[in-house]
$ cat structure.txt   # compact mmCIF, N, CA and C atoms
# COMPACT_ATOMS: atom_id res chain seq x y z
N MET O 1 3.45 -2.90 -17.90
CA MET O 1 3.56 -4.00 -16.96
C MET O 1 4.63 -3.67 -15.92
N VAL O 2 4.32 -3.94 -14.66
CA VAL O 2 5.22 -3.64 -13.55
C VAL O 2 6.22 -4.77 -13.39
N GLN O 3 7.50 -4.41 -13.30
CA GLN O 3 8.55 -5.41 -13.07
C GLN O 3 8.66 -5.63 -11.56
N THR O 4 8.64 -6.90 -11.15
CA THR O 4 8.78 -7.18 -9.73
C THR O 4 10.25 -7.07 -9.34
N LYS O 5 10.47 -6.65 -8.10
CA LYS O 5 11.83 -6.40 -7.64
C LYS O 5 12.08 -7.03 -6.28
N SER O 6 13.33 -7.26 -6.01
CA SER O 6 13.80 -7.66 -4.68
C SER O 6 14.09 -6.36 -3.92
N ILE O 7 13.35 -6.13 -2.84
CA ILE O 7 13.45 -4.86 -2.13
C ILE O 7 13.91 -5.11 -0.70
N LEU O 8 14.97 -4.41 -0.29
CA LEU O 8 15.47 -4.49 1.07
C LEU O 8 14.94 -3.30 1.84
N MET O 9 14.17 -3.58 2.88
CA MET O 9 13.58 -2.55 3.72
C MET O 9 14.46 -2.42 4.97
N LEU O 10 15.07 -1.25 5.16
CA LEU O 10 15.89 -1.00 6.34
C LEU O 10 15.06 -0.21 7.35
N GLY O 11 14.80 -0.82 8.49
CA GLY O 11 14.05 -0.16 9.56
C GLY O 11 15.01 0.58 10.46
N ARG O 12 15.25 1.87 10.17
CA ARG O 12 16.22 2.66 10.94
C ARG O 12 15.57 3.59 11.95
N ARG O 13 14.45 4.20 11.59
CA ARG O 13 13.81 5.16 12.47
C ARG O 13 12.44 4.70 12.95
N ASP O 14 11.73 3.95 12.11
CA ASP O 14 10.36 3.56 12.42
C ASP O 14 10.13 2.10 12.02
N PRO O 15 10.51 1.16 12.90
CA PRO O 15 10.35 -0.26 12.57
C PRO O 15 8.91 -0.66 12.25
N THR O 16 7.96 -0.05 12.91
CA THR O 16 6.56 -0.38 12.67
C THR O 16 6.17 -0.05 11.23
N GLU O 17 6.55 1.13 10.78
CA GLU O 17 6.25 1.55 9.41
C GLU O 17 7.00 0.69 8.40
N ALA O 18 8.23 0.30 8.73
CA ALA O 18 9.01 -0.56 7.84
C ALA O 18 8.29 -1.89 7.62
N MET O 19 7.74 -2.45 8.68
CA MET O 19 7.01 -3.72 8.55
C MET O 19 5.75 -3.54 7.72
N ARG O 20 5.02 -2.45 7.95
CA ARG O 20 3.78 -2.19 7.22
C ARG O 20 4.05 -2.03 5.73
N VAL O 21 5.06 -1.25 5.39
CA VAL O 21 5.38 -1.00 3.99
C VAL O 21 5.86 -2.29 3.31
N ALA O 22 6.71 -3.05 3.99
CA ALA O 22 7.22 -4.30 3.42
C ALA O 22 6.07 -5.25 3.08
N ALA O 23 5.13 -5.39 3.99
CA ALA O 23 3.99 -6.27 3.73
C ALA O 23 3.16 -5.75 2.56
N GLY O 24 3.01 -4.44 2.47
CA GLY O 24 2.24 -3.85 1.38
C GLY O 24 2.89 -4.06 0.02
N LEU O 25 4.19 -4.13 -0.02
CA LEU O 25 4.90 -4.32 -1.30
C LEU O 25 4.62 -5.68 -1.92
N THR O 26 4.22 -6.64 -1.11
CA THR O 26 3.93 -7.97 -1.65
C THR O 26 2.68 -7.96 -2.54
N ILE O 27 1.82 -6.98 -2.35
CA ILE O 27 0.61 -6.87 -3.16
C ILE O 27 0.96 -6.71 -4.64
N PHE O 28 2.08 -6.04 -4.90
CA PHE O 28 2.51 -5.80 -6.28
C PHE O 28 3.44 -6.88 -6.79
N GLY O 29 3.63 -7.95 -6.02
CA GLY O 29 4.46 -9.06 -6.44
C GLY O 29 5.93 -8.90 -6.13
N HIS O 30 6.30 -7.81 -5.46
CA HIS O 30 7.70 -7.61 -5.10
C HIS O 30 8.10 -8.59 -3.98
N THR O 31 9.39 -8.82 -3.84
CA THR O 31 9.90 -9.70 -2.80
C THR O 31 10.68 -8.86 -1.79
N PRO O 32 10.02 -8.39 -0.74
CA PRO O 32 10.71 -7.56 0.25
C PRO O 32 11.37 -8.41 1.34
N SER O 33 12.42 -7.85 1.90
CA SER O 33 13.01 -8.39 3.12
C SER O 33 13.21 -7.21 4.05
N VAL O 34 13.23 -7.49 5.36
CA VAL O 34 13.31 -6.43 6.35
C VAL O 34 14.51 -6.67 7.26
N VAL O 35 15.31 -5.61 7.45
CA VAL O 35 16.39 -5.65 8.42
C VAL O 35 16.22 -4.45 9.34
N PHE O 36 16.11 -4.73 10.64
CA PHE O 36 15.97 -3.66 11.63
C PHE O 36 17.35 -3.25 12.11
N LEU O 37 17.61 -1.94 12.11
CA LEU O 37 18.88 -1.41 12.55
C LEU O 37 18.77 -0.77 13.94
N VAL O 38 17.57 -0.82 14.49
CA VAL O 38 17.29 -0.31 15.85
C VAL O 38 16.46 -1.37 16.56
N PRO O 39 16.43 -1.32 17.90
CA PRO O 39 15.58 -2.28 18.62
C PRO O 39 14.10 -2.07 18.26
N VAL O 40 13.37 -3.17 18.20
CA VAL O 40 11.94 -3.11 17.93
C VAL O 40 11.22 -3.25 19.27
N ALA O 41 10.46 -2.23 19.62
CA ALA O 41 9.75 -2.22 20.91
C ALA O 41 8.70 -3.32 20.94
N ASP O 42 8.49 -3.88 22.11
CA ASP O 42 7.48 -4.92 22.31
C ASP O 42 6.14 -4.25 22.60
N THR O 43 5.44 -3.86 21.52
CA THR O 43 4.16 -3.19 21.64
C THR O 43 3.10 -3.99 20.90
N PRO O 44 1.83 -3.80 21.22
CA PRO O 44 0.77 -4.49 20.49
C PRO O 44 0.79 -4.16 18.99
N GLU O 45 1.10 -2.93 18.65
CA GLU O 45 1.14 -2.54 17.23
C GLU O 45 2.26 -3.28 16.50
N ASN O 46 3.44 -3.38 17.13
CA ASN O 46 4.54 -4.10 16.49
C ASN O 46 4.25 -5.60 16.41
N ALA O 47 3.56 -6.14 17.41
CA ALA O 47 3.18 -7.55 17.36
C ALA O 47 2.23 -7.80 16.20
N GLU O 48 1.31 -6.87 15.97
CA GLU O 48 0.38 -6.98 14.85
C GLU O 48 1.11 -6.90 13.51
N MET O 49 2.08 -5.99 13.41
CA MET O 49 2.84 -5.86 12.17
C MET O 49 3.74 -7.08 11.95
N ALA O 50 4.30 -7.64 13.02
CA ALA O 50 5.12 -8.85 12.89
C ALA O 50 4.27 -10.02 12.40
N GLU O 51 3.04 -10.09 12.86
CA GLU O 51 2.11 -11.12 12.39
C GLU O 51 1.81 -10.92 10.91
N LEU O 52 1.67 -9.67 10.50
CA LEU O 52 1.44 -9.37 9.08
C LEU O 52 2.64 -9.79 8.23
N LEU O 53 3.85 -9.57 8.74
CA LEU O 53 5.05 -10.03 8.01
C LEU O 53 5.03 -11.54 7.87
N GLU O 54 4.69 -12.22 8.95
CA GLU O 54 4.64 -13.68 8.92
C GLU O 54 3.60 -14.16 7.91
N PHE O 55 2.45 -13.54 7.90
CA PHE O 55 1.39 -13.88 6.96
C PHE O 55 1.85 -13.65 5.51
N SER O 56 2.71 -12.64 5.31
CA SER O 56 3.20 -12.30 3.98
C SER O 56 4.46 -13.08 3.62
N ASP O 57 4.87 -14.03 4.45
CA ASP O 57 6.09 -14.84 4.24
C ASP O 57 7.35 -13.99 4.16
N ILE O 58 7.42 -12.96 4.98
CA ILE O 58 8.60 -12.10 5.05
C ILE O 58 9.31 -12.39 6.37
N VAL O 59 10.57 -12.78 6.27
CA VAL O 59 11.37 -13.04 7.47
C VAL O 59 12.18 -11.79 7.77
N SER O 60 12.05 -11.29 8.99
CA SER O 60 12.81 -10.11 9.37
C SER O 60 14.09 -10.53 10.10
N LYS O 61 15.08 -9.67 9.99
CA LYS O 61 16.35 -9.86 10.68
C LYS O 61 16.73 -8.56 11.36
N THR O 62 17.71 -8.62 12.23
CA THR O 62 18.13 -7.42 12.95
C THR O 62 19.65 -7.38 13.10
N THR O 63 20.15 -6.16 13.16
CA THR O 63 21.57 -5.98 13.45
C THR O 63 21.80 -5.78 14.95
N VAL O 64 20.72 -5.68 15.70
CA VAL O 64 20.78 -5.44 17.14
C VAL O 64 20.87 -6.77 17.87
N PRO O 65 21.90 -6.96 18.69
CA PRO O 65 22.01 -8.22 19.43
C PRO O 65 20.87 -8.37 20.45
N ASP O 66 20.58 -9.61 20.80
CA ASP O 66 19.61 -9.96 21.84
C ASP O 66 18.18 -9.53 21.53
N GLN O 67 17.81 -9.58 20.28
CA GLN O 67 16.43 -9.34 19.88
C GLN O 67 15.80 -10.69 19.52
N SER O 68 14.49 -10.71 19.35
CA SER O 68 13.80 -11.97 19.06
C SER O 68 13.93 -12.40 17.60
N GLN O 69 14.35 -11.49 16.71
CA GLN O 69 14.54 -11.85 15.29
C GLN O 69 15.93 -12.43 15.10
N PRO O 70 16.12 -13.16 13.99
CA PRO O 70 17.46 -13.64 13.67
C PRO O 70 18.43 -12.47 13.49
N HIS O 71 19.66 -12.65 13.92
CA HIS O 71 20.69 -11.61 13.82
C HIS O 71 21.36 -11.68 12.44
N ILE O 72 21.66 -10.51 11.88
CA ILE O 72 22.40 -10.44 10.62
C ILE O 72 23.66 -9.62 10.88
N GLY O 73 24.80 -10.16 10.49
CA GLY O 73 26.07 -9.48 10.69
C GLY O 73 26.36 -8.50 9.56
N ALA O 74 27.45 -7.77 9.72
CA ALA O 74 27.82 -6.73 8.75
C ALA O 74 28.06 -7.31 7.36
N ASP O 75 28.75 -8.44 7.27
CA ASP O 75 29.02 -9.02 5.96
C ASP O 75 27.74 -9.46 5.25
N ASP O 76 26.83 -10.10 6.00
CA ASP O 76 25.57 -10.54 5.41
C ASP O 76 24.67 -9.36 5.04
N LEU O 77 24.72 -8.30 5.85
CA LEU O 77 23.95 -7.10 5.53
C LEU O 77 24.49 -6.46 4.25
N ALA O 78 25.81 -6.39 4.12
CA ALA O 78 26.41 -5.84 2.89
C ALA O 78 26.01 -6.66 1.68
N ALA O 79 26.00 -7.98 1.82
CA ALA O 79 25.60 -8.85 0.71
C ALA O 79 24.13 -8.63 0.35
N ALA O 80 23.27 -8.44 1.37
CA ALA O 80 21.85 -8.19 1.12
C ALA O 80 21.65 -6.86 0.39
N VAL O 81 22.42 -5.85 0.76
CA VAL O 81 22.34 -4.54 0.09
C VAL O 81 22.73 -4.68 -1.38
N LEU O 82 23.81 -5.41 -1.63
CA LEU O 82 24.27 -5.58 -3.01
C LEU O 82 23.31 -6.42 -3.85
N ALA O 83 22.62 -7.38 -3.21
CA ALA O 83 21.73 -8.26 -3.93
C ALA O 83 20.37 -7.63 -4.23
N ALA O 84 19.98 -6.61 -3.49
CA ALA O 84 18.66 -6.01 -3.64
C ALA O 84 18.59 -5.15 -4.90
N ASP O 85 17.42 -5.19 -5.54
CA ASP O 85 17.17 -4.29 -6.67
C ASP O 85 16.93 -2.86 -6.19
N GLU O 86 16.28 -2.75 -5.05
CA GLU O 86 15.94 -1.45 -4.47
C GLU O 86 16.14 -1.52 -2.95
N ILE O 87 16.45 -0.38 -2.35
CA ILE O 87 16.59 -0.29 -0.89
C ILE O 87 15.70 0.85 -0.43
N ILE O 88 14.89 0.57 0.58
CA ILE O 88 14.04 1.59 1.17
C ILE O 88 14.48 1.76 2.62
N ASN O 89 14.68 2.98 3.01
CA ASN O 89 15.20 3.33 4.31
C ASN O 89 14.11 4.05 5.11
N ILE O 90 13.58 3.39 6.12
CA ILE O 90 12.51 4.03 6.91
C ILE O 90 12.95 4.14 8.35
$ encode --input "structure.txt" --output "structure tokens"
Amino acid sequence: MVQTKSILMLGRRDPTEAMRVAAGLTIFGHTPSVVFLVPVADTPENAEMAELLEFSDIVSKTTVPDQSQPHIGADDLAAAVLAADEIINI
């Protein structure tokens, strides 16, 4: 039997892939969250992946100021890292 986990997805190099993987993890019952560490480009592909996150009930956050997602500060990011069972860096 697979144990479900709280997974923190850090979008450092490929935000699009981070969103895709996070949504896919919900299939196995895991609870992913996404934090972008780089700006997310306004592209049709990213809009589609953002819609997939919304459909999967995943709220994304960002460390980058002036983005459309909610901002997460250093203290909250550190708390999220400590609270996660697993961290995936994409």
$ closest_residue --input "structure.txt" --among "O:Ser33, O:Ser6, O:His71, O:Glu17" --to "Ile90 in chain O" --atoms "only N, CA and C atoms"
O:Glu17
$ select_by_dssp --input "structure.txt" --residues "chain O" --states "strand (DSSP E)" --output "PyMOL selection string"
chain O and resi 6-11+31-36+60-62+86-89
$ residues_around --input "structure.txt" --residues "Gln3 in chain O" --least-positions-apart "5" --cutoff "10 Å" --atoms "only C-alpha atoms" --output "list in words"
Phe28, Gly29 and His30 of chain O
$ closest_residue --input "structure.txt" --among "O:Gly24, O:Pro39, O:Gly11, O:Pro32" --to "Val59 in chain O" --atoms "only N, CA and C atoms"
O:Pro32
$ residues_around --input "structure.txt" --residues "Val34 in chain O" --least-positions-apart "4" --cutoff "6.5 Å" --atoms "all atoms listed in the file" --output "PDB file with N, CA and C atoms, keeping the file's coordinate frame"
ATOM      1  N   LEU O   8      14.970  -4.410  -0.290  1.00  0.00           N
ATOM      2  CA  LEU O   8      15.470  -4.490   1.070  1.00  0.00           C
ATOM      3  C   LEU O   8      14.940  -3.300   1.840  1.00  0.00           C
ATOM      4  N   MET O   9      14.170  -3.580   2.880  1.00  0.00           N
ATOM      5  CA  MET O   9      13.580  -2.550   3.720  1.00  0.00           C
ATOM      6  C   MET O   9      14.460  -2.420   4.970  1.00  0.00           C
ATOM      7  N   LEU O  10      15.070  -1.250   5.160  1.00  0.00           N
ATOM      8  CA  LEU O  10      15.890  -1.000   6.340  1.00  0.00           C
ATOM      9  C   LEU O  10      15.060  -0.210   7.350  1.00  0.00           C
ATOM     10  N   GLY O  11      14.800  -0.820   8.490  1.00  0.00           N
ATOM     11  CA  GLY O  11      14.050  -0.160   9.560  1.00  0.00           C
ATOM     12  C   GLY O  11      15.010   0.580  10.460  1.00  0.00           C
ATOM     13  N   ILE O  58       7.420 -12.960   4.980  1.00  0.00           N
ATOM     14  CA  ILE O  58       8.600 -12.100   5.050  1.00  0.00           C
ATOM     15  C   ILE O  58       9.310 -12.390   6.370  1.00  0.00           C
ATOM     16  N   VAL O  59      10.570 -12.780   6.270  1.00  0.00           N
ATOM     17  CA  VAL O  59      11.370 -13.040   7.470  1.00  0.00           C
ATOM     18  C   VAL O  59      12.180 -11.790   7.770  1.00  0.00           C
ATOM     19  N   SER O  60      12.050 -11.290   8.990  1.00  0.00           N
ATOM     20  CA  SER O  60      12.810 -10.110   9.370  1.00  0.00           C
ATOM     21  C   SER O  60      14.090 -10.530  10.100  1.00  0.00           C
ATOM     22  N   LYS O  61      15.080  -9.670   9.990  1.00  0.00           N
ATOM     23  CA  LYS O  61      16.350  -9.860  10.680  1.00  0.00           C
ATOM     24  C   LYS O  61      16.730  -8.560  11.360  1.00  0.00           C
ATOM     25  N   THR O  62      17.710  -8.620  12.230  1.00  0.00           N
ATOM     26  CA  THR O  62      18.130  -7.420  12.950  1.00  0.00           C
ATOM     27  C   THR O  62      19.650  -7.380  13.100  1.00  0.00           C
TER      28      THR O  62
END
$ atom_distance --input "structure.txt" --atom1 "CA of Met19 in chain O" --atom2 "CA of Ile7 in chain O"
12.5 Å
$ residues_around --input "structure.txt" --residues "Asp66 in chain O" --least-positions-apart "6" --cutoff "12 Å" --atoms "only C-alpha atoms" --output "compact mmCIF listing (two decimals) with N, CA and C atoms, in the frame of the given file"
# COMPACT_ATOMS: atom_id res chain seq x y z
N VAL O 38 17.57 -0.82 14.49
CA VAL O 38 17.29 -0.31 15.85
C VAL O 38 16.46 -1.37 16.56
N PRO O 39 16.43 -1.32 17.90
CA PRO O 39 15.58 -2.28 18.62
C PRO O 39 14.10 -2.07 18.26
N VAL O 40 13.37 -3.17 18.20
CA VAL O 40 11.94 -3.11 17.93
C VAL O 40 11.22 -3.25 19.27
N ILE O 72 21.66 -10.51 11.88
CA ILE O 72 22.40 -10.44 10.62
C ILE O 72 23.66 -9.62 10.88
$ atom_distance --input "structure.txt" --atom1 "CA of Ala22 in chain O" --atom2 "CA of Met49 in chain O"
9.9 Å
$ select_by_dssp --input "structure.txt" --residues "chain O" --states "helix (DSSP H, G or I)" --output "number ranges by chain"
O: 15-28, 44-55, 74-83
$ atom_distance --input "structure.txt" --atom1 "CA of Glu48 in chain O" --atom2 "CA of Phe36 in chain O"
16.3 Å
$ closest_residue --input "structure.txt" --among "O:Ala41, O:Gly73, O:Arg20, O:Arg12" --to "Leu53 in chain O" --atoms "only N, CA and C atoms"
O:Arg20
$ closest_residue --input "structure.txt" --among "O:Thr26, O:Thr43, O:Thr31, O:Thr16" --to "Ala83 in chain O" --atoms "only C-alpha atoms"
O:Thr31
$ closest_residue --input "structure.txt" --among "O:Leu37, O:Asp14, O:Leu52, O:Ile27" --to "Pro65 in chain O" --atoms "only C-alpha atoms"
O:Leu37
$ decode --input "structure.txt" --residues "range 47-73 of chain O" --atoms "N, CA and C atoms" --output "mmCIF file, in the first residue's frame"
data_model
loop_
_atom_site.group_PDB
_atom_site.id
_atom_site.type_symbol
_atom_site.label_atom_id
_atom_site.label_comp_id
_atom_site.auth_asym_id
_atom_site.auth_seq_id
_atom_site.Cartn_x
_atom_site.Cartn_y
_atom_site.Cartn_z
ATOM 1 N N ALA O 47 -0.705 28.730 -18.967
ATOM 2 C CA ALA O 47 -2.109 28.973 -18.618
ATOM 3 C C ALA O 47 -2.859 27.653 -18.508
ATOM 4 N N GLU O 48 -2.567 26.726 -19.405
ATOM 5 C CA GLU O 48 -3.195 25.408 -19.366
ATOM 6 C C GLU O 48 -2.779 24.638 -18.111
ATOM 7 N N MET O 49 -1.493 24.713 -17.759
ATOM 8 C CA MET O 49 -1.017 24.020 -16.560
ATOM 9 C C MET O 49 -1.588 24.669 -15.295
ATOM 10 N N ALA O 50 -1.727 25.999 -15.289
ATOM 11 C CA ALA O 50 -2.320 26.685 -14.133
ATOM 12 C C ALA O 50 -3.772 26.264 -13.954
ATOM 13 N N GLU O 51 -4.472 26.073 -15.057
ATOM 14 C CA GLU O 51 -5.849 25.591 -14.998
ATOM 15 C C GLU O 51 -5.897 24.172 -14.439
ATOM 16 N N LEU O 52 -4.921 23.364 -14.819
ATOM 17 C CA LEU O 52 -4.832 21.998 -14.291
ATOM 18 C C LEU O 52 -4.583 22.013 -12.782
ATOM 19 N N LEU O 53 -3.730 22.927 -12.320
ATOM 20 C CA LEU O 53 -3.510 23.056 -10.871
ATOM 21 C C LEU O 53 -4.803 23.437 -10.164
ATOM 22 N N GLU O 54 -5.523 24.376 -10.742
ATOM 23 C CA GLU O 54 -6.786 24.813 -10.145
ATOM 24 C C GLU O 54 -7.775 23.650 -10.092
ATOM 25 N N PHE O 55 -7.865 22.889 -11.157
ATOM 26 C CA PHE O 55 -8.747 21.727 -11.209
ATOM 27 C C PHE O 55 -8.357 20.690 -10.148
ATOM 28 N N SER O 56 -7.051 20.604 -9.856
ATOM 29 C CA SER O 56 -6.541 19.643 -8.879
ATOM 30 C C SER O 56 -6.544 20.202 -7.459
ATOM 31 N N ASP O 57 -7.099 21.389 -7.266
ATOM 32 C CA ASP O 57 -7.147 22.058 -5.945
ATOM 33 C C ASP O 57 -5.758 22.320 -5.373
ATOM 34 N N ILE O 58 -4.821 22.682 -6.229
ATOM 35 C CA ILE O 58 -3.465 23.019 -5.801
ATOM 36 C C ILE O 58 -3.292 24.525 -5.941
ATOM 37 N N VAL O 59 -2.951 25.173 -4.840
ATOM 38 C CA VAL O 59 -2.713 26.613 -4.865
ATOM 39 C C VAL O 59 -1.209 26.832 -4.999
ATOM 40 N N SER O 60 -0.822 27.601 -6.001
ATOM 41 C CA SER O 60 0.600 27.888 -6.183
ATOM 42 C C SER O 60 0.945 29.219 -5.533
ATOM 43 N N LYS O 61 2.199 29.325 -5.134
ATOM 44 C CA LYS O 61 2.735 30.556 -4.561
ATOM 45 C C LYS O 61 4.054 30.858 -5.238
ATOM 46 N N THR O 62 4.562 32.057 -5.028
ATOM 47 C CA THR O 62 5.819 32.443 -5.649
ATOM 48 C C THR O 62 6.667 33.272 -4.694
ATOM 49 N N THR O 63 7.965 33.165 -4.884
ATOM 50 C CA THR O 63 8.890 34.013 -4.132
ATOM 51 C C THR O 63 9.220 35.278 -4.920
ATOM 52 N N VAL O 64 8.758 35.346 -6.158
ATOM 53 C CA VAL O 64 9.045 36.467 -7.043
ATOM 54 C C VAL O 64 7.984 37.547 -6.850
ATOM 55 N N PRO O 65 8.399 38.765 -6.521
ATOM 56 C CA PRO O 65 7.417 39.839 -6.348
ATOM 57 C C PRO O 65 6.710 40.174 -7.668
ATOM 58 N N ASP O 66 5.522 40.736 -7.554
ATOM 59 C CA ASP O 66 4.749 41.240 -8.689
ATOM 60 C C ASP O 66 4.339 40.160 -9.691
ATOM 61 N N GLN O 67 4.054 38.979 -9.203
ATOM 62 C CA GLN O 67 3.510 37.916 -10.043
ATOM 63 C C GLN O 67 2.026 37.772 -9.713
ATOM 64 N N SER O 68 1.307 37.013 -10.521
ATOM 65 C CA SER O 68 -0.139 36.864 -10.313
ATOM 66 C C SER O 68 -0.480 35.883 -9.191
ATOM 67 N N GLN O 69 0.481 35.055 -8.767
ATOM 68 C CA GLN O 69 0.235 34.107 -7.670
ATOM 69 C C GLN O 69 0.476 34.802 -6.332
ATOM 70 N N PRO O 70 -0.071 34.230 -5.261
ATOM 71 C CA PRO O 70 0.225 34.768 -3.934
ATOM 72 C C PRO O 70 1.725 34.691 -3.641
ATOM 73 N N HIS O 71 2.241 35.689 -2.948
ATOM 74 C CA HIS O 71 3.663 35.750 -2.603
ATOM 75 C C HIS O 71 3.918 34.971 -1.312
ATOM 76 N N ILE O 72 5.049 34.273 -1.266
ATOM 77 C CA ILE O 72 5.466 33.572 -0.053
ATOM 78 C C ILE O 72 6.834 34.114 0.338
ATOM 79 N N GLY O 73 6.968 34.518 1.590
ATOM 80 C CA GLY O 73 8.231 35.054 2.082
ATOM 81 C C GLY O 73 9.176 33.954 2.526
#
